[in-house]
Amino acid sequence: MSETAINGKKTTKELEKVVIRFAGDSGDGMQLTGSQFSFTSALWGNDLATFPDFPAEIRAPQGTVEGVSGFQVQIGKIDIYTPGDQADVLVAMNPAALKSNLQFARKGGNVIVDLDAFVDRNIEKAGFVTNPLEDGTLADYNVVEAPISSLTKTALEGLQLDNKSIMRSKNMFALGMMYWLFDRSLKETEKYIDSKFKKTPALAEGNKRALNAGFHYAETIEALPAMYKVPPAQIEKGTYRHISGNTATAWGLMAAAEKVGKKLFLGSYPITPASDILHELSRHKNLGVITMQAEDEIAAVCSAIGASYAGQLGVTTSSGPGIALKGEAIGLAVMAEIPLVVVDVQRGGPSTGLPTKTEQADINIAVYGRNSESPAVVLAASTPANCFDFAYLAAKIAIEHMTPVILLTDGYLANGSEPWKFPTTADLPPITLHEPHKDNGVYYPYVRDAETLARGWAVPGTPGFEHRIGGLEKQEKTGNVSYDPQNHEKMVRTRAEKVTRVANYLPELEVQGNGDGKLLVVGWGGTFGGLHTAVTELQQANRKIDFVHFNFINPLPKNTQAVFEKYNKILVCELNMGQFASLLRSKFPGMNILSYTKIQGQPFLVTELKEVFLENLKD
Amino acid sequence: MENTIDIPQEKPLTKKDFESDQLVRWCPGCGDYSILSAMTNALPQLNIPRENFVFVSGIGCAARFPYYMNTYGFHTIHGRGPAVATGVKLANPKLSVWEIQGDGDAMAIGGNHFIHALRRNIDINIILFNNEIYGLTKGQYSPTSPAGLVTKSTPYGSVERPFQAAELVIGAQGTFYARTIDTNPKLMTEIFVHAAKHVGTSLVEVLQNCVIFNDDAHAAVTAKQNRDDFQLHVKHSQPLLFGKENKKGIRLNGLKLEVVTIGENGITENDILVHDAHNEDPTLHLMLARMAPPHFPMALGVIREVRAKTYDEAIAEEREKITANARYHSVDDLLKSGEIWEIK
């Protein structure tokens with residue numbers, strides 16, 4: 001870190017990475033502020049990761065802790081895999097935002113507050129007994145008390161805007177301050193404002209004035225200690241865009257359908273945090289997408305099954321409570337052996353649980369959550385951007401292996417975003433259709449491919465391939481209804497074997513590390529960023545620690561046992577009570593598989609992981 | 001007003017072409033046999049290639065139907081047939097999609113899908129086998145069982161109020177409702193053909209007899225001795241006449257229907273209500289559908305048939321419009337759309 005003087009007055013500090021958290025009332029526009037800051041930083045060349053943290057209620061009472069909406073972003077000159085543990089800069093637009101977000105600020109960091117919002121009524125509403133700006137609550141922080149509301153008002157004087165619109169621009173004032181602090185250009189956000197308020201020039205002008213006023217205010221005041229410089233990261237060359245997990249999921253599915261020449265049919269029922277996939281796909285009907293907002297979760301999956309039966313790519317998207325409702329229908333797809341992609345954007349549970357918070361507790365329902373022997377392929381994406389790859393792969397496996405595939409993402413991936421070096425569809429792996437064929441002029445729906453055991457996909461409308469399928473047990477080959485005991489056992493085992501063989505087509509595990517660690521850290525799904533960062537930092541400190549991350553839950557990668565056998569101590573880290581650890585213990589009995597878990601609706605922190613790993617490296 | 005035919009057949013299809021090689025396993029004497037026969041009679045009349053027929057069903061005795069048809073068929077899960085059928089039709093609107101349900105499947109476990117299919121007016125044909133009982137689970141009361149019916153799960157008689165299928169259809173803004181009986185194969189065949197030609201969700205209620213668990217449930221209408229006085233065969237633009245000599249009729253008296261006899265009390269044929277199946281206002285359709293013995297005959301035939309935009313048409317139109325104005329035409333275009341930047 002170096003400090004240099006600018007204009008003889010301010011100093012500038014160079015940082016490898018920095019975490020900024022914006023917090024305010026859910027009507028204050030914090031999500032927009034955060035995403036604008038992220039976008040500008042991405043254009044500047046930083047690597048970054050974001051995490052919005054918002055309440056389940058759309059507009060909880062103003063000024064209350066329940067109504068606070070937050071947005072955290074970490075930017076860096078180094079590769080960034082998480083939105084960061086603790087904020088170096090916290091912007092709190094009112095006392096409630098301070099109350100609920102101070103826990104996320106680093107001691108010694110900067111806390112910027114809108115001084116105008118700290119009036120008695122708001123302080124009391126937030127649950128403070130005394131004014132936190134005066135009672136020593138913030139003694140450990142560098143506090144900047146900026147009269148954001150009144151300065152915004154002054155800056156917007158003379159514009160034909162009502163008070164509500166003026167107050168809504170104060171987020172731009174705060175953003176302007178951040179742009180000065182991190183030496184960013186206002187240009188991109190100004191462009192954005194112009195296009196957003198194309199039809200209301202007064203609002204565009206107001207927002208731009210607020211943005212500039214904030215920037216100049218920050219430059220003028222003495223309270224900010226230094227200007228921070230976070231130089232561009234060494235990022236792989238190429239064309240980038242910003243992408244959130246839910247958008248990436250939607251686009252991955254679309255890419256697969258386009259690749260295989262099918263329509264993408266989405267049957268879905270609104271549910272947090274999965275609805276954005278439905279919203280995104282509903283925008284692209286010109287690309288052969290059909291979306292149906294079904295009457296319930298069951299109709300959503302059943303219509304998708306119908307669409308797959310009729311020869312298109314059927315998809316349903318939901319979260320835990322919806323997945324519970326879909327179980328019987330997923331079993332039908334297992335029995336009928338037709339392609340189906342089920343996306344489960346996991347959230348805190350059980351029951352309604354924590355709709356807007358993240359959790360990884362649906363591994364059991366995905367792998368085991370249906371009646372009887374009902375194997376399905378289960379995949380898990382691990383970054384917002386690779387939701388694209390795993391959604392694509394889920395569709396590819398569903399079609400090539402004629403099976404339902406459950407793709408697990410989570411609220412953290414779904415709403416988080418990162419810069420993404422996007423592919424062209426020509427670079428994506430091919431998807432091969434199982435054309436049905438006849439035996440001596442007769443079509444049997446349950447004749448299987450010798451390698452994959454997948455059956456042919458004969459689609460209504462094809463002459464000569466008329467056949468009946470359904471949820472009753474099938475006679476092998478003919479697909480006729482059969483109650484024969486031997487046949488049932490054979491079919492149960494065949495369906496399981498078909499899913500097991502998917503592993504022959506999946507990449508193997510790659511160990512991050514030298515392969516001689518005293519501890520193997522195991523993760524799966526959305527916790528990749530935190531685990532990877534924590535392990536890397538310990539490896540850089542010469543600790544003997546290795547790491548593998550699972551994207552394939554069922555079947556497991558073929559070399560899983562071979563990898564595990566090299567370690568005397570395996571620590572499975574997950575945001576549940578140890579579901580993946582249990583699954584691994586049942587597959588690999590006798591191995592020393594330990595579990596570290598957290599169930600707070602929040603992702604792992606790098607610092608907490610490092611402490612846990614160091615503890616486990618001791619003995 | 002009719003569904004169009006895609007490809008003319010080289011050789012006309014026959015009843016036999018639609019019979020599958022599977023052993024039919026309904027109880028001897030079950031009303032389902034005559035429905036199956038009427039269906040295999042009806043389909044060759046439609047001049048639709050066999051491969052374009054899909055039969056979808058849920059669970060129950062009725063739901064075994066697809067196994068017995070030599071067409072594409074999908075026997076799905078309890079109550080969800082309309083949802084699966086909707087997906088099939090949207091995936092390939094060229095298909096002639098038939099959905100087979102029993103009263104429990106359609107109006108108990110699958111009630112939600114039943115009403116929403118009708119509300120959307122997706123162009124499928126739903127055949128509702130109404131025997132007012134659960135057969136496959138061996139004799140429990142259903143949502144159409146009359147109050148007081150003694151069944152295995154209502155040993156002291158059902159205390160529930162039954163659904164009337166037609167009321168649900170009209171409440172859900174259904175565009176086609178017809179009623180028929182399993183003892184009249186000719187009428188059934190006609191109505192199946194009619195339903196197939198209707199563009200939109202066609203709902204055909206078949207009063208079907210479960211010989212084992214609810215025998216003669218519809219006898220007040222279907223029994224030979226009741227045929228003349230308790231069956232009214234409605235036809236669009238024809239007066240609502242019935243009875244042995246066709247002298248009895250239905251008159252609208254104020255806001256109520258009443259049975260009158262031509263030649264008595266000065267009643268002439270001009271007093272008799274003329275059936276208008278195409279009236280968008282469903283009020284009279286509902287009144288006709290609610291008629292039942294002992295005070296009224298049961299209306300059979302096509303009671304309601306109106307044209308409204310179907311769900312599949314609306315989706316196709318929307319796609320056309322969006323595609324015409326689209327600024328991107330592939331996933332690659334989409335990937336490159338919006339804010340992108342170059343790292344050099």
# chains A, B, ... in the order shown; residues from 1 in each chain; ligands from 1
>>> closest_atom_pairs(of="region 478-522 of chain A", to="region 363-373 of chain A", cutoff="9 Å", atoms="only C-alpha atoms", output="JSON lines")
{"residue": "A:Val492", "atom": "CA", "partner": "A:Glu373", "partner_atom": "CA", "distance": 6.8}
{"residue": "A:Arg493", "atom": "CA", "partner": "A:Glu373", "partner_atom": "CA", "distance": 8.9}
{"residue": "A:Arg495", "atom": "CA", "partner": "A:Glu373", "partner_atom": "CA", "distance": 8.8}
{"residue": "A:Ala496", "atom": "CA", "partner": "A:Glu373", "partner_atom": "CA", "distance": 8.0}
>>> select_by_dssp(residues="region 16-190 of chain B", states="alpha helix (DSSP H)", output="PyMOL selection string")
chain B and resi 32-42+81-91+103-104+111-120+165-171+185-190
>>> closest_atom_pairs(of="chain A", to="chain B", cutoff="8 Å", atoms="only C-alpha atoms", output="CSV")
residue,atom,partner,partner_atom,distance
A:Leu43,CA,B:Trp341,CA,6.6
A:Gly45,CA,B:Ile343,CA,7.4
A:Ile235,CA,B:Ile343,CA,7.1
A:Glu236,CA,B:Ile343,CA,7.2
A:Lys237,CA,B:Ile343,CA,4.9
A:Gly238,CA,B:Ile343,CA,5.3
A:Thr239,CA,B:Glu342,CA,4.5
A:Tyr240,CA,B:Trp341,CA,5.2
A:Arg241,CA,B:Ile340,CA,4.5
A:His242,CA,B:Ile340,CA,7.5
A:Trp251,CA,B:Val331,CA,7.5
A:Met254,CA,B:Val331,CA,7.0
A:Ala255,CA,B:Val331,CA,6.0
A:Glu258,CA,B:Val331,CA,7.5
A:Lys263,CA,B:Ala91,CA,7.6
A:Phe265,CA,B:Ala91,CA,7.2
A:Lys285,CA,B:Arg319,CA,5.8
A:Asn286,CA,B:Thr323,CA,4.5
A:Leu287,CA,B:Ser330,CA,6.3
A:Ile290,CA,B:Leu90,CA,7.9
A:Glu295,CA,B:His116,CA,6.8
A:Ile298,CA,B:Arg80,CA,7.7
A:Ala299,CA,B:Ala83,CA,5.1
A:Ala300,CA,B:Ala83,CA,7.6
A:Cys302,CA,B:Val84,CA,4.9
A:Ser303,CA,B:Gly87,CA,4.0
A:Ala304,CA,B:Gly87,CA,5.9
A:Ile305,CA,B:Val84,CA,6.4
A:Gly306,CA,B:Val84,CA,4.3
A:Ala307,CA,B:Gly87,CA,4.5
A:Ser308,CA,B:Val88,CA,7.7
A:Tyr309,CA,B:Val88,CA,6.9
A:Ala310,CA,B:Val88,CA,5.2
A:Gly311,CA,B:Ala91,CA,7.2
A:Gln312,CA,B:Ala91,CA,6.1
A:Glu328,CA,B:Ile77,CA,7.8
A:Ala329,CA,B:Ile77,CA,7.1
A:Leu332,CA,B:Thr76,CA,6.9
A:Phe422,CA,B:Leu335,CA,7.1
A:Thr424,CA,B:Asp332,CA,5.9
A:Thr425,CA,B:Asp332,CA,6.3
A:Pro460,CA,B:Tyr72,CA,6.0
A:Gly461,CA,B:Asn52,CA,4.6
A:Thr462,CA,B:Glu51,CA,5.8
A:Pro463,CA,B:Glu51,CA,5.0
A:Gly464,CA,B:Glu51,CA,7.2
A:Phe465,CA,B:Glu51,CA,7.6
A:Glu466,CA,B:Tyr72,CA,4.7
A:His467,CA,B:Tyr72,CA,5.0
A:Arg468,CA,B:Gly73,CA,4.4
A:Ile469,CA,B:Phe74,CA,5.1
A:Gly470,CA,B:His75,CA,4.2
A:Gly471,CA,B:Thr76,CA,5.8
>>> write_last_selection(atoms="N, CA and C atoms", output="compact mmCIF listing (two decimals), in the first residue's frame")
# COMPACT_ATOMS: atom_id res chain seq x y z
N LEU A 43 -15.86 -1.61 -15.86
CA LEU A 43 -15.34 -0.94 -17.06
C LEU A 43 -13.93 -0.41 -16.81
N GLY A 45 -11.82 -1.89 -15.14
CA GLY A 45 -10.92 -3.04 -15.26
C GLY A 45 -10.75 -3.83 -13.99
N ILE A 235 -6.84 -9.25 -15.95
CA ILE A 235 -7.98 -10.08 -16.35
C ILE A 235 -7.70 -10.63 -17.75
N GLU A 236 -8.12 -11.87 -17.94
CA GLU A 236 -7.96 -12.52 -19.24
C GLU A 236 -8.56 -11.64 -20.33
N LYS A 237 -7.84 -11.56 -21.45
CA LYS A 237 -8.33 -10.73 -22.55
C LYS A 237 -9.65 -11.27 -23.11
N GLY A 238 -10.45 -10.36 -23.60
CA GLY A 238 -11.70 -10.81 -24.21
C GLY A 238 -12.82 -9.81 -24.00
N THR A 239 -14.00 -10.21 -24.44
CA THR A 239 -15.16 -9.35 -24.30
C THR A 239 -15.96 -9.80 -23.09
N TYR A 240 -16.32 -8.85 -22.28
CA TYR A 240 -16.99 -9.15 -21.02
C TYR A 240 -18.36 -8.48 -20.94
N ARG A 241 -19.17 -9.03 -20.07
CA ARG A 241 -20.39 -8.36 -19.68
C ARG A 241 -20.66 -8.73 -18.24
N HIS A 242 -21.55 -8.00 -17.62
CA HIS A 242 -21.96 -8.31 -16.27
C HIS A 242 -23.06 -9.34 -16.33
N TRP A 251 -30.07 -17.84 -19.78
CA TRP A 251 -29.37 -17.81 -21.06
C TRP A 251 -28.72 -19.16 -21.40
N MET A 254 -31.40 -21.26 -22.81
CA MET A 254 -31.73 -20.83 -24.17
C MET A 254 -30.67 -21.28 -25.17
N ALA A 255 -29.41 -21.19 -24.74
CA ALA A 255 -28.32 -21.59 -25.64
C ALA A 255 -28.43 -23.08 -25.96
N GLU A 258 -31.34 -23.69 -28.40
CA GLU A 258 -30.96 -23.24 -29.75
C GLU A 258 -29.99 -24.22 -30.39
N LYS A 263 -37.49 -25.83 -29.22
CA LYS A 263 -38.01 -24.70 -28.48
C LYS A 263 -37.72 -24.93 -27.00
N PHE A 265 -39.27 -24.65 -23.52
CA PHE A 265 -40.56 -24.45 -22.85
C PHE A 265 -40.32 -24.32 -21.36
N LYS A 285 -39.17 -14.40 -26.30
CA LYS A 285 -40.05 -15.31 -27.04
C LYS A 285 -39.74 -15.30 -28.53
N ASN A 286 -39.04 -14.29 -28.97
CA ASN A 286 -38.63 -14.27 -30.39
C ASN A 286 -37.55 -15.31 -30.66
N LEU A 287 -36.92 -15.83 -29.61
CA LEU A 287 -35.88 -16.84 -29.82
C LEU A 287 -36.42 -18.24 -29.55
N ILE A 290 -40.93 -20.47 -25.07
CA ILE A 290 -42.33 -20.40 -24.65
C ILE A 290 -42.31 -20.39 -23.13
N GLU A 295 -50.63 -22.33 -13.06
CA GLU A 295 -51.53 -22.06 -11.93
C GLU A 295 -50.92 -22.50 -10.61
N ILE A 298 -47.08 -27.48 -9.42
CA ILE A 298 -47.27 -28.82 -10.00
C ILE A 298 -47.59 -28.68 -11.48
N ALA A 299 -48.47 -27.75 -11.81
CA ALA A 299 -48.79 -27.52 -13.23
C ALA A 299 -47.55 -27.04 -13.97
N ALA A 300 -46.70 -26.30 -13.28
CA ALA A 300 -45.48 -25.79 -13.91
C ALA A 300 -44.61 -26.95 -14.38
N CYS A 302 -45.53 -30.12 -14.65
CA CYS A 302 -46.27 -31.04 -15.52
C CYS A 302 -46.36 -30.49 -16.96
N SER A 303 -46.54 -29.20 -17.11
CA SER A 303 -46.59 -28.65 -18.46
C SER A 303 -45.22 -28.81 -19.13
N ALA A 304 -44.15 -28.67 -18.34
CA ALA A 304 -42.80 -28.86 -18.89
C ALA A 304 -42.61 -30.32 -19.32
N ILE A 305 -43.13 -31.24 -18.54
CA ILE A 305 -43.04 -32.66 -18.89
C ILE A 305 -43.82 -32.90 -20.19
N GLY A 306 -45.00 -32.29 -20.29
CA GLY A 306 -45.79 -32.42 -21.51
C GLY A 306 -45.04 -31.89 -22.72
N ALA A 307 -44.38 -30.76 -22.54
CA ALA A 307 -43.63 -30.16 -23.65
C ALA A 307 -42.46 -31.05 -24.06
N SER A 308 -41.78 -31.65 -23.08
CA SER A 308 -40.68 -32.56 -23.40
C SER A 308 -41.20 -33.81 -24.10
N TYR A 309 -42.32 -34.32 -23.61
CA TYR A 309 -42.91 -35.49 -24.25
C TYR A 309 -43.22 -35.18 -25.72
N ALA A 310 -43.68 -33.94 -25.97
CA ALA A 310 -44.04 -33.54 -27.34
C ALA A 310 -42.81 -33.10 -28.13
N GLY A 311 -41.62 -33.21 -27.55
CA GLY A 311 -40.41 -33.04 -28.35
C GLY A 311 -39.65 -31.75 -28.19
N GLN A 312 -40.04 -30.90 -27.25
CA GLN A 312 -39.26 -29.68 -27.01
C GLN A 312 -38.45 -29.85 -25.73
N GLU A 328 -43.60 -35.52 -7.10
CA GLU A 328 -44.29 -36.63 -7.76
C GLU A 328 -44.10 -36.54 -9.27
N ALA A 329 -44.17 -35.32 -9.80
CA ALA A 329 -44.05 -35.15 -11.25
C ALA A 329 -42.62 -35.45 -11.72
N LEU A 332 -42.42 -38.95 -12.25
CA LEU A 332 -43.02 -39.35 -13.53
C LEU A 332 -41.99 -39.24 -14.65
N PHE A 422 -17.97 -13.90 -21.88
CA PHE A 422 -19.00 -14.81 -22.40
C PHE A 422 -18.54 -15.53 -23.66
N THR A 424 -19.13 -17.75 -27.39
CA THR A 424 -20.07 -17.76 -28.50
C THR A 424 -20.69 -19.15 -28.51
N THR A 425 -21.89 -19.26 -29.06
CA THR A 425 -22.57 -20.57 -28.99
C THR A 425 -21.81 -21.63 -29.79
N PRO A 460 -44.52 -37.22 -30.67
CA PRO A 460 -45.83 -37.19 -31.32
C PRO A 460 -45.78 -36.37 -32.62
N GLY A 461 -46.47 -36.88 -33.61
CA GLY A 461 -46.42 -36.25 -34.93
C GLY A 461 -45.54 -37.05 -35.88
N THR A 462 -44.76 -38.01 -35.33
CA THR A 462 -43.90 -38.84 -36.16
C THR A 462 -44.66 -40.11 -36.55
N PRO A 463 -44.93 -40.31 -37.86
CA PRO A 463 -45.73 -41.48 -38.24
C PRO A 463 -44.97 -42.78 -37.96
N GLY A 464 -45.70 -43.79 -37.52
CA GLY A 464 -45.12 -45.11 -37.32
C GLY A 464 -44.48 -45.33 -35.97
N PHE A 465 -44.42 -44.28 -35.14
CA PHE A 465 -43.80 -44.42 -33.82
C PHE A 465 -44.80 -44.22 -32.69
N GLU A 466 -46.10 -44.35 -33.03
CA GLU A 466 -47.12 -44.18 -31.99
C GLU A 466 -46.83 -45.15 -30.86
N HIS A 467 -46.88 -44.66 -29.64
CA HIS A 467 -46.62 -45.52 -28.48
C HIS A 467 -47.22 -44.88 -27.25
N ARG A 468 -47.33 -45.67 -26.19
CA ARG A 468 -47.90 -45.19 -24.94
C ARG A 468 -46.86 -45.31 -23.84
N ILE A 469 -46.71 -44.25 -23.05
CA ILE A 469 -45.86 -44.33 -21.87
C ILE A 469 -46.64 -43.80 -20.68
N GLY A 470 -46.05 -43.93 -19.51
CA GLY A 470 -46.76 -43.44 -18.34
C GLY A 470 -46.04 -43.79 -17.06
N GLY A 471 -46.71 -43.54 -15.94
CA GLY A 471 -46.09 -43.72 -14.64
C GLY A 471 -46.12 -45.14 -14.10
>>> closest_residue(among="A:Gly261, A:Gly327, A:Gly523, A:Pro321", to="Ile431 (chain A)", atoms="only C-alpha atoms")
A:Gly261
>>> residues_around(residues="region 564-568 of chain A", least_positions_apart="5", cutoff="9 Å", atoms="only C-alpha atoms", output="list in words")
Gly515, Asp516, Gly517, Lys518, Leu519, Leu520, Asn559, Phe588, Met591, Asn592 and Ile593 of chain A
>>> closest_residue(among="B:Leu136, B:Val274, B:Ile48, B:Ala195", to="Glu99 (chain B)", atoms="only C-alpha atoms")
B:Ala195
>>> atom_distance(atom1="CA of Ala219 (chain B)", atom2="CA of Gln164 (chain B)")
17.2 Å
>>> residues_around(residues="region 95-102 of chain A", least_positions_apart="5", cutoff="8 Å", atoms="only C-alpha atoms", output="list of chain:residue names")
A:Ala23, A:Gly24, A:Asp25, A:Gly63, A:Thr64, A:Val65, A:Val68, A:Ser69, A:Gly70, A:Leu90, A:Val113, A:Ala117, A:Phe118, A:Asn122, A:Ile123, A:Lys125, A:Ala126, A:Gly127, A:Phe128
>>> write_last_selection(atoms="C-alpha atoms", output="CSV table (one decimal), in the first residue's frame")
chain,number,residue,atom,x,y,z
A,23,ALA,CA,-27.5,0.3,2.8
A,24,GLY,CA,-30.7,2.2,3.0
A,25,ASP,CA,-34.5,2.0,3.0
A,63,GLY,CA,-37.2,3.8,8.5
A,64,THR,CA,-37.4,0.3,10.1
A,65,VAL,CA,-34.7,-2.3,10.3
A,68,VAL,CA,-33.4,-2.1,5.0
A,69,SER,CA,-31.9,-3.1,1.6
A,70,GLY,CA,-28.2,-3.6,1.2
A,90,LEU,CA,-20.3,1.4,4.6
A,113,VAL,CA,-24.1,8.4,7.0
A,117,ALA,CA,-31.7,11.2,8.5
A,118,PHE,CA,-30.5,11.0,12.1
A,122,ASN,CA,-35.8,7.8,12.9
A,123,ILE,CA,-33.3,7.0,15.6
A,125,LYS,CA,-37.7,3.7,14.9
A,126,ALA,CA,-34.4,2.0,14.2
A,127,GLY,CA,-34.3,0.7,17.7
A,128,PHE,CA,-31.4,2.9,19.0
>>> atom_distance(atom1="CA of Cys573 (chain A)", atom2="CA of Ala380 (chain A)")
14.6 Å
>>> residues_around(residues="Gln72 (chain A)", least_positions_apart="3", cutoff="10 Å", atoms="only C-alpha atoms", output="ChimeraX atom specification")
/A:19-23,30-31,34-35,38,49-53,82-87,89-90,104,416
>>> write_last_selection(atoms="N, CA and C atoms", output="PDB file, in the first residue's frame")
ATOM      1  N   VAL A  19     -13.968  -3.466  -0.150  1.00  0.00           N
ATOM      2  CA  VAL A  19     -15.375  -3.867  -0.070  1.00  0.00           C
ATOM      3  C   VAL A  19     -16.228  -2.646   0.276  1.00  0.00           C
ATOM      4  N   ILE A  20     -17.253  -2.425  -0.509  1.00  0.00           N
ATOM      5  CA  ILE A  20     -18.155  -1.300  -0.265  1.00  0.00           C
ATOM      6  C   ILE A  20     -19.550  -1.856  -0.057  1.00  0.00           C
ATOM      7  N   ARG A  21     -20.224  -1.316   0.938  1.00  0.00           N
ATOM      8  CA  ARG A  21     -21.604  -1.764   1.183  1.00  0.00           C
ATOM      9  C   ARG A  21     -22.531  -0.556   1.227  1.00  0.00           C
ATOM     10  N   PHE A  22     -23.556  -0.597   0.415  1.00  0.00           N
ATOM     11  CA  PHE A  22     -24.570   0.451   0.404  1.00  0.00           C
ATOM     12  C   PHE A  22     -25.785  -0.061   1.154  1.00  0.00           C
ATOM     13  N   ALA A  23     -26.317   0.739   2.087  1.00  0.00           N
ATOM     14  CA  ALA A  23     -27.505   0.299   2.824  1.00  0.00           C
ATOM     15  C   ALA A  23     -28.460   1.460   2.998  1.00  0.00           C
ATOM     16  N   MET A  30     -30.877   1.471  -3.299  1.00  0.00           N
ATOM     17  CA  MET A  30     -29.533   0.975  -2.991  1.00  0.00           C
ATOM     18  C   MET A  30     -29.043  -0.076  -3.986  1.00  0.00           C
ATOM     19  N   GLN A  31     -29.993  -0.894  -4.503  1.00  0.00           N
ATOM     20  CA  GLN A  31     -29.586  -1.920  -5.474  1.00  0.00           C
ATOM     21  C   GLN A  31     -29.056  -1.257  -6.741  1.00  0.00           C
ATOM     22  N   GLY A  34     -25.639   0.342  -6.038  1.00  0.00           N
ATOM     23  CA  GLY A  34     -24.597  -0.679  -5.994  1.00  0.00           C
ATOM     24  C   GLY A  34     -24.259  -1.214  -7.367  1.00  0.00           C
ATOM     25  N   SER A  35     -25.280  -1.440  -8.174  1.00  0.00           N
ATOM     26  CA  SER A  35     -24.962  -2.033  -9.478  1.00  0.00           C
ATOM     27  C   SER A  35     -24.306  -1.005 -10.398  1.00  0.00           C
ATOM     28  N   SER A  38     -20.720  -0.990  -9.414  1.00  0.00           N
ATOM     29  CA  SER A  38     -20.077  -2.218  -9.896  1.00  0.00           C
ATOM     30  C   SER A  38     -19.766  -2.117 -11.383  1.00  0.00           C
ATOM     31  N   ALA A  49     -17.125  -8.919  -7.402  1.00  0.00           N
ATOM     32  CA  ALA A  49     -18.262  -9.799  -7.134  1.00  0.00           C
ATOM     33  C   ALA A  49     -19.240  -9.012  -6.279  1.00  0.00           C
ATOM     34  N   THR A  50     -20.529  -9.215  -6.520  1.00  0.00           N
ATOM     35  CA  THR A  50     -21.540  -8.432  -5.806  1.00  0.00           C
ATOM     36  C   THR A  50     -22.500  -9.341  -5.057  1.00  0.00           C
ATOM     37  N   PHE A  51     -23.141  -8.769  -4.057  1.00  0.00           N
ATOM     38  CA  PHE A  51     -24.173  -9.509  -3.327  1.00  0.00           C
ATOM     39  C   PHE A  51     -25.241  -8.568  -2.803  1.00  0.00           C
ATOM     40  N   PRO A  52     -26.437  -8.641  -3.366  1.00  0.00           N
ATOM     41  CA  PRO A  52     -27.525  -7.837  -2.813  1.00  0.00           C
ATOM     42  C   PRO A  52     -28.130  -8.553  -1.611  1.00  0.00           C
ATOM     43  N   ASP A  53     -28.552  -7.806  -0.631  1.00  0.00           N
ATOM     44  CA  ASP A  53     -29.100  -8.378   0.602  1.00  0.00           C
ATOM     45  C   ASP A  53     -30.362  -7.583   0.914  1.00  0.00           C
ATOM     46  N   THR A  82     -15.423 -13.412  -4.090  1.00  0.00           N
ATOM     47  CA  THR A  82     -16.556 -13.205  -3.169  1.00  0.00           C
ATOM     48  C   THR A  82     -16.843 -11.707  -3.052  1.00  0.00           C
ATOM     49  N   PRO A  83     -18.028 -11.369  -2.568  1.00  0.00           N
ATOM     50  CA  PRO A  83     -18.328  -9.948  -2.333  1.00  0.00           C
ATOM     51  C   PRO A  83     -17.619  -9.413  -1.086  1.00  0.00           C
ATOM     52  N   GLY A  84     -16.817 -10.241  -0.428  1.00  0.00           N
ATOM     53  CA  GLY A  84     -16.037  -9.765   0.713  1.00  0.00           C
ATOM     54  C   GLY A  84     -16.720 -10.024   2.036  1.00  0.00           C
ATOM     55  N   ASP A  85     -15.893 -10.199   3.080  1.00  0.00           N
ATOM     56  CA  ASP A  85     -16.429 -10.472   4.417  1.00  0.00           C
ATOM     57  C   ASP A  85     -17.009  -9.225   5.037  1.00  0.00           C
ATOM     58  N   GLN A  86     -16.192  -8.170   5.065  1.00  0.00           N
ATOM     59  CA  GLN A  86     -16.556  -6.972   5.813  1.00  0.00           C
ATOM     60  C   GLN A  86     -16.318  -5.749   4.953  1.00  0.00           C
ATOM     61  N   ALA A  87     -17.185  -4.772   5.129  1.00  0.00           N
ATOM     62  CA  ALA A  87     -17.109  -3.584   4.289  1.00  0.00           C
ATOM     63  C   ALA A  87     -16.027  -2.634   4.793  1.00  0.00           C
ATOM     64  N   VAL A  89     -15.943   0.309   3.414  1.00  0.00           N
ATOM     65  CA  VAL A  89     -16.748   1.523   3.400  1.00  0.00           C
ATOM     66  C   VAL A  89     -18.216   1.119   3.494  1.00  0.00           C
ATOM     67  N   LEU A  90     -18.885   1.632   4.513  1.00  0.00           N
ATOM     68  CA  LEU A  90     -20.326   1.391   4.629  1.00  0.00           C
ATOM     69  C   LEU A  90     -21.051   2.721   4.431  1.00  0.00           C
ATOM     70  N   PHE A 104     -21.636  -5.566   9.453  1.00  0.00           N
ATOM     71  CA  PHE A 104     -20.896  -5.982   8.258  1.00  0.00           C
ATOM     72  C   PHE A 104     -19.716  -5.048   7.960  1.00  0.00           C
ATOM     73  N   GLY A 416     -26.331 -12.562  -7.014  1.00  0.00           N
ATOM     74  CA  GLY A 416     -24.973 -12.053  -7.127  1.00  0.00           C
ATOM     75  C   GLY A 416     -24.616 -11.887  -8.591  1.00  0.00           C
TER      76      GLY A 416
END
>>> residues_around(residues="Asn246 (chain B)", least_positions_apart="6", cutoff="10 Å", atoms="only C-alpha atoms", output="ChimeraX atom specification")
/B:228-229,232,240,261-262
>>> residues_around(residues="Val150 (chain B)", least_positions_apart="6", cutoff="10 Å", atoms="only C-alpha atoms", output="count of residues only")
8
